There are 2 protein chains.
Amino acid sequence: MNRVSKLFQPINKIPKSATIKHKEITSKSQRLMLDLGIIKLASPGTFHLLPLGVRALEKLKSFIDKEMHKINAQKLALPALTQAELWEKSGRLNNSAELFTVTDRHKNLYILSPTHEEAITDLLASIAPLSYKNFPLRLYQITSKYRDEMKTRFGLMRGRQFLMKDLYTFDIDMKNAEQTYSEVIKGYENIFNTIGIDFNQVLAATGNIGGLISHEFHYTADVGEDKLLFCLNCNYKGNVEVSGMDYCPQCKSNKIMVKNGIEVAHTFLLGDKYSKPLNATYLDRNGLTANLQMGCYGLGISRLLGAAVEVLSLEQELRWPLILAPYKVVIISPKAGSKEEAFTLGFDQELYDNIDQLDGYAGNVLLDDRNHLTIGKRHLEARRMGYPYVIVIGSKATGSTPLYEINEIVTNKQHLLDRNELLQYFRSIQ
Amino acid sequence: MNRVSKLFQPINKIPKSATIKHKEITSKSQRLMLDLGIIKLASPGTFHLLPLGVRALEKLKSFIDKEMHKINAQKLALPALTQAELWEKSGRLNNSAELFTVTDRHKNLYILSPTHEEAITDLLASIAPLSYKNFPLRLYQITSKYRDEMKTRFGLMRGRQFLMKDLYTFDIDMKNAEQTYSEVIKGYENIFNTIGIDFNQVLAATGNIGGLISHEFHYTADVGEDKLLFCLNCNYKGNVEVSGMDYCPQCKSNKIMVKNGIEVAHTFLLGDKYSKPLNATYLDRNGLTANLQMGCYGLGISRLLGAAVEVLSLEQELRWPLILAPYKVVIISPKAGSKEEAFTLGFDQELYDNIDQLDGYAGNVLLDDRNHLTIGKRHLEARRMGYPYVIVIGSKATGSTPLYEINEIVTNKQHLLDRNELLQYFRSIQ
């Protein structure tokens, strides 16, 4: 049984102003995540994920795994350390200001990888040439990446160690690579639709990664570090890096809007930018070797978590996308010594078990058993934590047909339901 | 549907001797894992985990998560980068030859952590003093660790980047810390019993980690780098590091046996070795602060996978513990153009769906649909891969009541069963 009294969740009791030791925590949601014991700053730009933070992140990882499976992507895991010579071959070694490097005892240079285009292309090259029959091939991983940021800030949104899902695709020609690109984009749209926060897919610059076409997925938010141009005339959307800020590059209209965006995903149609220098080839129908055509598709796992919470949260209260909330349901039992306690003995545990057994709720119920605190205080804390559903066992639970108070935190609705109605309610919202 | 034809599994077709480019791969199982496309060497001591390797590893991770939950341990995730100053405080910075270090753009020194005693103790210190009521506290993570090994070897068993489960426990006094220590040891015994390979829990040296008591869990194997002493007189078991190799340190008998062991887990009762210099305190019943008493408990996730496969495998065939096999069941459909194919059209997919729907089998069935290959060749390959159950749709499947050939790879038993019997069989072995 998951009990709040046992949860390792070191809530900051120090006055808020004093908790912002590091000037990098300049967003409301990240300050809340720190204050509420969900993450903790370890060093500038690196964070301890505490149990609630890990739960949210693992939900996101497993959701992304399922979505990757749907687009026939296979999971692998490449080491964080990549031989620097691979980055020399691609020309990126001296071209990347934010690389952490590591020298081993034999004086060999490695990079602490921010991304793995070189590593995975080398992997494909080392088993080349595979037959054209083996393609398309879609390979992804969810691993920690590293970037020696000049300015770490916004908590999980711009750290020096972060969790990223990176997908790499390999096709036999550009036509197939383009088809793959549009299939992955559809997969991404599905991901962002399911998370349920308004997002914008915009035309983007290819930058250091390179390639032919590139798109970014953004959440709009004040703390967003990118500027996005929206054309009100032709619906064009682009990062201003690629389109300027004065008029729409597509229809030339000046009826435009510029908003701040947090980049949560980035897709690139790479062509042979990596496969050529690293020699990743395949054998075509005629037995001739040719370079593979690639795409790469990043999705910031820890950044998406931080950005989603940033977009949804109130000034003093966290809010999560439903599928990422660390727990779905919190049950608040009566205060010790109250009349309610005497009349509802054991109701909390029964309710816990009933809900926990419903499809999709196993492990997602939390009992706030800190009965020395008032119901009001625990209710307020559950709201601050943003748990989607808060059940209060209050005075209405003492009648001959006990009624429970269900609070929908996002909509602010309240329901008074008996046990069966309550279980039916949770079944129906799943 | 999981199909062998779509699986990214670059089987080495080069003669075996030539594939051992790196002299570090000196064990039969690791050579098999490389040859069969389960792992791939990225640089000395670092490996790409290919899809089958990731599947096995993720099964182990999720199994360990469940076992940690049973002993009330909560999961968190600490960054790989740890500020070097914390290791200065504990005295380990200049005392650890195998540290990878990283310097950031501001000239701050970090270590690429091989273990996290300092980091987690600092985390506890930063929120100290918690009340005595908050303890015992058990916190663990499953993350990549790093070690600049002098000699990388034995594949996943001694790499420079490896996946480790590390648990840290905090208690208010030594009596409670000892109680915790024995509870965790029981949890470990449960883990190793479930995996099902004979293991030895031995008295161990505390070494660089330090502390008061230490035990190791070993699999015995020729490639094991530790020597273990077994007393045939009093049943004492110890690493020779702590006990010498001449006679039993407990009963002084010379009826002893020495075997090679692969260390797969290591437990330490630490006391205040870290909590004192790093100032991790709590508030006792009388309102006084005192140092926390700690334990730490490592379990090598990637090493355990490598070691388990090493112990179980044959010279030319991989074997997995049942709970770690990348897939449980492989279905081999008839060869294209055969009489069997004509009479059993669609049987393979129906069988796949039926088994996939059984409790515990979802996602664990694989269809070998490379029908241009003979059944015999695919059967042989499935054996080499060590998939626990291989179903052949052969000539017996063409009768009025189709019979399927189920091969238990580990026991070498064969069953001829109709559809219902087959499903009952898989239900019963779950």
# chains A, B, ... in the order shown; residues from 1 in each chain; ligands from 1
>>> residues_around(residues="Gly210 of chain A", least_positions_apart="4", cutoff="10 Å", atoms="only C-alpha atoms", output="list in words")
Ala205, Thr206, Ser214, Phe268, Leu269, Leu270, Gly271, Lys273 and Tyr274 of chain A
>>> residues_around(residues="Gly360 of chain B", least_positions_apart="4", cutoff="10 Å", atoms="only C-alpha atoms", output="list in words")
Lys328, Ile355, Asp356, Asn364, Phe426, Arg427 and Gln430 of chain B
>>> residues_around(residues="segment 286-292 of chain A", least_positions_apart="4", cutoff="12 Å", atoms="only C-alpha atoms", output="ChimeraX atom specification")
/A:121-122,124-125,128-137,168-177,270-282
>>> write_last_selection(atoms="N, CA and C atoms", output="short mmCIF file (atom, residue, chain, number, x, y, z; two decimals), in the first residue's frame")
data_model
loop_
_atom_site.label_atom_id
_atom_site.label_comp_id
_atom_site.auth_asym_id
_atom_site.auth_seq_id
_atom_site.Cartn_x
_atom_site.Cartn_y
_atom_site.Cartn_z
N THR A 121 25.29 5.51 -36.79
CA THR A 121 25.67 5.33 -38.20
C THR A 121 26.88 4.41 -38.28
N ASP A 122 27.80 4.56 -37.34
CA ASP A 122 28.96 3.66 -37.29
C ASP A 122 28.53 2.22 -37.03
N LEU A 124 25.70 0.89 -37.96
CA LEU A 124 25.18 0.37 -39.23
C LEU A 124 26.31 0.11 -40.23
N ALA A 125 27.31 1.00 -40.21
CA ALA A 125 28.45 0.81 -41.12
C ALA A 125 29.21 -0.46 -40.78
N ALA A 128 27.59 -3.30 -42.38
CA ALA A 128 27.23 -3.07 -43.79
C ALA A 128 28.01 -4.03 -44.69
N PRO A 129 27.52 -4.29 -45.91
CA PRO A 129 26.22 -3.83 -46.39
C PRO A 129 25.13 -4.86 -46.11
N LEU A 130 24.06 -4.44 -45.41
CA LEU A 130 22.87 -5.28 -45.30
C LEU A 130 22.14 -5.21 -46.64
N SER A 131 21.27 -6.17 -46.88
CA SER A 131 20.49 -6.18 -48.11
C SER A 131 19.41 -5.10 -48.04
N TYR A 132 19.00 -4.61 -49.20
CA TYR A 132 17.89 -3.63 -49.28
C TYR A 132 16.64 -4.18 -48.62
N LYS A 133 16.55 -5.53 -48.50
CA LYS A 133 15.35 -6.14 -47.89
C LYS A 133 15.24 -5.83 -46.41
N ASN A 134 16.36 -5.44 -45.78
CA ASN A 134 16.33 -5.17 -44.34
C ASN A 134 15.77 -3.79 -43.99
N PHE A 135 15.45 -3.03 -45.01
CA PHE A 135 15.01 -1.65 -44.76
C PHE A 135 13.55 -1.48 -45.16
N PRO A 136 12.83 -0.50 -44.56
CA PRO A 136 13.27 0.52 -43.62
C PRO A 136 13.63 -0.08 -42.25
N LEU A 137 14.49 0.63 -41.55
CA LEU A 137 14.92 0.23 -40.23
C LEU A 137 14.77 1.45 -39.32
N TYR A 168 16.44 6.90 -34.85
CA TYR A 168 17.20 7.04 -36.10
C TYR A 168 16.58 6.10 -37.12
N THR A 169 16.36 6.63 -38.31
CA THR A 169 15.74 5.79 -39.35
C THR A 169 16.68 5.65 -40.54
N PHE A 170 16.59 4.50 -41.18
CA PHE A 170 17.47 4.18 -42.30
C PHE A 170 16.62 3.66 -43.46
N ASP A 171 16.76 4.31 -44.61
CA ASP A 171 16.02 3.91 -45.80
C ASP A 171 16.96 3.80 -46.98
N ILE A 172 16.45 3.14 -48.04
CA ILE A 172 17.33 2.87 -49.18
C ILE A 172 17.41 4.04 -50.16
N ASP A 173 16.41 4.94 -50.14
CA ASP A 173 16.50 6.10 -51.02
C ASP A 173 15.71 7.24 -50.41
N MET A 174 15.79 8.42 -51.02
CA MET A 174 15.16 9.59 -50.44
C MET A 174 13.64 9.49 -50.44
N LYS A 175 13.10 8.81 -51.44
CA LYS A 175 11.64 8.69 -51.49
C LYS A 175 11.14 7.92 -50.26
N ASN A 176 11.80 6.83 -49.97
CA ASN A 176 11.43 6.05 -48.79
C ASN A 176 11.73 6.82 -47.50
N ALA A 177 12.83 7.54 -47.50
CA ALA A 177 13.20 8.31 -46.30
C ALA A 177 12.16 9.39 -46.02
N LEU A 270 17.78 13.65 -42.72
CA LEU A 270 19.22 13.86 -42.79
C LEU A 270 19.82 13.58 -44.17
N GLY A 271 19.16 12.73 -44.93
CA GLY A 271 19.80 12.28 -46.17
C GLY A 271 21.06 11.49 -45.85
N ASP A 272 22.16 11.77 -46.56
CA ASP A 272 23.39 10.99 -46.35
C ASP A 272 24.46 11.77 -45.60
N LYS A 273 24.05 12.81 -44.87
CA LYS A 273 25.02 13.65 -44.15
C LYS A 273 25.93 12.82 -43.24
N TYR A 274 25.40 11.79 -42.59
CA TYR A 274 26.23 10.94 -41.73
C TYR A 274 26.61 9.63 -42.41
N SER A 275 25.69 9.10 -43.21
CA SER A 275 25.96 7.77 -43.80
C SER A 275 27.13 7.83 -44.79
N LYS A 276 27.33 9.01 -45.40
CA LYS A 276 28.41 9.13 -46.38
C LYS A 276 29.79 9.15 -45.71
N PRO A 277 30.06 10.10 -44.81
CA PRO A 277 31.40 10.10 -44.20
C PRO A 277 31.68 8.85 -43.37
N LEU A 278 30.63 8.26 -42.79
CA LEU A 278 30.84 7.10 -41.93
C LEU A 278 30.63 5.78 -42.67
N ASN A 279 30.26 5.92 -43.95
CA ASN A 279 30.26 4.74 -44.83
C ASN A 279 29.21 3.68 -44.46
N ALA A 280 28.00 4.15 -44.18
CA ALA A 280 26.91 3.21 -43.89
C ALA A 280 26.16 2.94 -45.19
N THR A 281 26.41 1.76 -45.71
CA THR A 281 25.87 1.42 -47.03
C THR A 281 24.93 0.22 -46.96
N TYR A 282 24.27 -0.04 -48.08
CA TYR A 282 23.46 -1.25 -48.21
C TYR A 282 23.66 -1.77 -49.62
#
>>> interface_residues(of="chain B", to="chain A", cutoff="6 Å", atoms="only C-alpha atoms", output="compact mmCIF listing (two decimals) with C-alpha atoms, in the first residue's frame")
# COMPACT_ATOMS: atom_id res chain seq x y z
CA HIS B 48 25.58 -1.27 -27.88
CA LEU B 49 22.65 -3.25 -26.57
CA LEU B 50 20.68 -4.39 -29.59
CA PRO B 51 16.92 -5.06 -29.39
CA VAL B 54 17.53 -4.43 -24.38
CA LYS B 75 13.15 4.53 -6.56
CA LEU B 76 14.97 7.72 -7.44
CA ALA B 77 17.56 8.72 -10.03
CA LEU B 78 20.75 10.63 -9.28
CA VAL B 102 34.90 15.59 -16.46
>>> residues_around(residues="Ser253 of chain A", least_positions_apart="2", cutoff="10 Å", atoms="only C-alpha atoms", output="list in words")
Cys231, Leu232, Asn233, Cys234, Asp246, Tyr247, Cys248, Pro249, Gln250, Cys251, Lys255 and Ile256 of chain A
>>> write_last_selection(atoms="N, CA and C atoms", output="JSON list (two decimals), in the first residue's frame")
[["chain", "number", "residue", "atom", "x", "y", "z"],
["A", 231, "CYS", "N", 1.50, 32.65, -38.91],
["A", 231, "CYS", "CA", 0.87, 33.53, -39.89],
["A", 231, "CYS", "C", -0.65, 33.40, -39.77],
["A", 232, "LEU", "N", -1.33, 34.52, -39.54],
["A", 232, "LEU", "CA", -2.79, 34.49, -39.37],
["A", 232, "LEU", "C", -3.49, 34.44, -40.72],
["A", 233, "ASN", "N", -2.72, 34.66, -41.77],
["A", 233, "ASN", "CA", -3.30, 34.66, -43.11],
["A", 233, "ASN", "C", -3.31, 33.25, -43.73],
["A", 234, "CYS", "N", -2.12, 32.58, -43.73],
["A", 234, "CYS", "CA", -2.04, 31.29, -44.43],
["A", 234, "CYS", "C", -1.76, 30.12, -43.50],
["A", 246, "ASP", "N", 9.42, 39.44, -39.34],
["A", 246, "ASP", "CA", 8.73, 40.61, -39.88],
["A", 246, "ASP", "C", 7.46, 40.27, -40.66],
["A", 247, "TYR", "N", 7.51, 39.20, -41.44],
["A", 247, "TYR", "CA", 6.33, 38.83, -42.23],
["A", 247, "TYR", "C", 6.40, 37.33, -42.49],
["A", 248, "CYS", "N", 5.28, 36.80, -42.97],
["A", 248, "CYS", "CA", 5.21, 35.36, -43.24],
["A", 248, "CYS", "C", 6.07, 35.02, -44.45],
["A", 249, "PRO", "N", 7.00, 34.08, -44.32],
["A", 249, "PRO", "CA", 7.88, 33.74, -45.45],
["A", 249, "PRO", "C", 7.12, 32.99, -46.55],
["A", 250, "GLN", "N", 5.93, 32.53, -46.23],
["A", 250, "GLN", "CA", 5.19, 31.74, -47.22],
["A", 250, "GLN", "C", 4.28, 32.63, -48.06],
["A", 251, "CYS", "N", 3.44, 33.45, -47.40],
["A", 251, "CYS", "CA", 2.48, 34.26, -48.16],
["A", 251, "CYS", "C", 2.82, 35.75, -48.12],
["A", 255, "LYS", "N", 0.31, 39.89, -41.30],
["A", 255, "LYS", "CA", -0.62, 39.52, -40.22],
["A", 255, "LYS", "C", -0.03, 38.31, -39.50],
["A", 256, "ILE", "N", 0.92, 38.58, -38.65],
["A", 256, "ILE", "CA", 1.61, 37.48, -37.98],
["A", 256, "ILE", "C", 1.55, 37.67, -36.47]]
>>> select_by_dssp(residues="segment 71-178 of chain A", states="helix (DSSP H, G or I)", output="PyMOL selection string")
chain A and resi 84-90+93-95+117-126+132-134+155-157+174-178
>>> closest_residue(among="B:Gly159, B:Gly399, B:Gly376, B:Gly306", to="Leu60 of chain B", atoms="only C-alpha atoms")
B:Gly306
>>> atom_distance(atom1="atom CA of Met68 of chain B", atom2="atom CA of Ile323 of chain A")
23.9 Å
>>> residues_around(residues="segment 297-301 of chain A", least_positions_apart="2", cutoff="10 Å", atoms="only C-alpha atoms", output="VMD selection string")
chain A and resid 57 to 58 60 to 61 64 115 140 to 145 156 to 157 162 to 169 181 184 to 185 188 214 to 217 263 to 269 295 303 to 307
>>> closest_residue(among="B:Lys413, B:Ile332, B:Ser182, B:Pro114", to="Lys377 of chain B", atoms="only C-alpha atoms")
B:Ile332
>>> residues_around(residues="Ala336 of chain A", least_positions_apart="5", cutoff="12 Å", atoms="only C-alpha atoms", output="PDB file with N, CA and C atoms, in the first residue's frame")
ATOM      1  N   GLU A 341     -13.714   9.467  12.107  1.00  0.00           N
ATOM      2  CA  GLU A 341     -12.792   8.327  12.198  1.00  0.00           C
ATOM      3  C   GLU A 341     -13.499   7.118  12.822  1.00  0.00           C
ATOM      4  N   ALA A 342     -14.225   7.379  13.902  1.00  0.00           N
ATOM      5  CA  ALA A 342     -14.895   6.291  14.616  1.00  0.00           C
ATOM      6  C   ALA A 342     -15.912   5.585  13.717  1.00  0.00           C
ATOM      7  N   PHE A 343     -16.613   6.347  12.867  1.00  0.00           N
ATOM      8  CA  PHE A 343     -17.686   5.770  12.052  1.00  0.00           C
ATOM      9  C   PHE A 343     -17.198   5.160  10.736  1.00  0.00           C
ATOM     10  N   THR A 344     -15.957   5.398  10.371  1.00  0.00           N
ATOM     11  CA  THR A 344     -15.498   4.955   9.039  1.00  0.00           C
ATOM     12  C   THR A 344     -14.249   4.065   9.113  1.00  0.00           C
ATOM     13  N   LEU A 345     -14.099   3.402  10.218  1.00  0.00           N
ATOM     14  CA  LEU A 345     -12.903   2.586  10.438  1.00  0.00           C
ATOM     15  C   LEU A 345     -12.695   1.562   9.308  1.00  0.00           C
ATOM     16  N   ASP A 369      -2.335   8.963   4.835  1.00  0.00           N
ATOM     17  CA  ASP A 369      -2.624   8.416   6.161  1.00  0.00           C
ATOM     18  C   ASP A 369      -2.035   9.274   7.280  1.00  0.00           C
ATOM     19  N   ARG A 370      -1.692  10.503   6.961  1.00  0.00           N
ATOM     20  CA  ARG A 370      -1.131  11.363   8.024  1.00  0.00           C
ATOM     21  C   ARG A 370      -2.301  11.950   8.816  1.00  0.00           C
ATOM     22  N   ASN A 371      -2.903  11.056   9.608  1.00  0.00           N
ATOM     23  CA  ASN A 371      -4.173  11.391  10.243  1.00  0.00           C
ATOM     24  C   ASN A 371      -4.051  12.403  11.382  1.00  0.00           C
ATOM     25  N   HIS A 372      -2.823  12.730  11.758  1.00  0.00           N
ATOM     26  CA  HIS A 372      -2.653  13.789  12.764  1.00  0.00           C
ATOM     27  C   HIS A 372      -2.914  15.159  12.135  1.00  0.00           C
ATOM     28  N   LEU A 373      -2.948  15.220  10.798  1.00  0.00           N
ATOM     29  CA  LEU A 373      -3.247  16.489  10.112  1.00  0.00           C
ATOM     30  C   LEU A 373      -4.741  16.555   9.785  1.00  0.00           C
ATOM     31  N   THR A 374      -5.266  17.776   9.737  1.00  0.00           N
ATOM     32  CA  THR A 374      -6.682  17.927   9.376  1.00  0.00           C
ATOM     33  C   THR A 374      -6.896  17.500   7.929  1.00  0.00           C
ATOM     34  N   ILE A 375      -8.159  17.154   7.637  1.00  0.00           N
ATOM     35  CA  ILE A 375      -8.514  16.844   6.249  1.00  0.00           C
ATOM     36  C   ILE A 375      -8.207  18.051   5.364  1.00  0.00           C
TER      37      ILE A 375
END
>>> atom_distance(atom1="atom CA of Val202 of chain A", atom2="atom CA of Glu189 of chain A")
12.2 Å
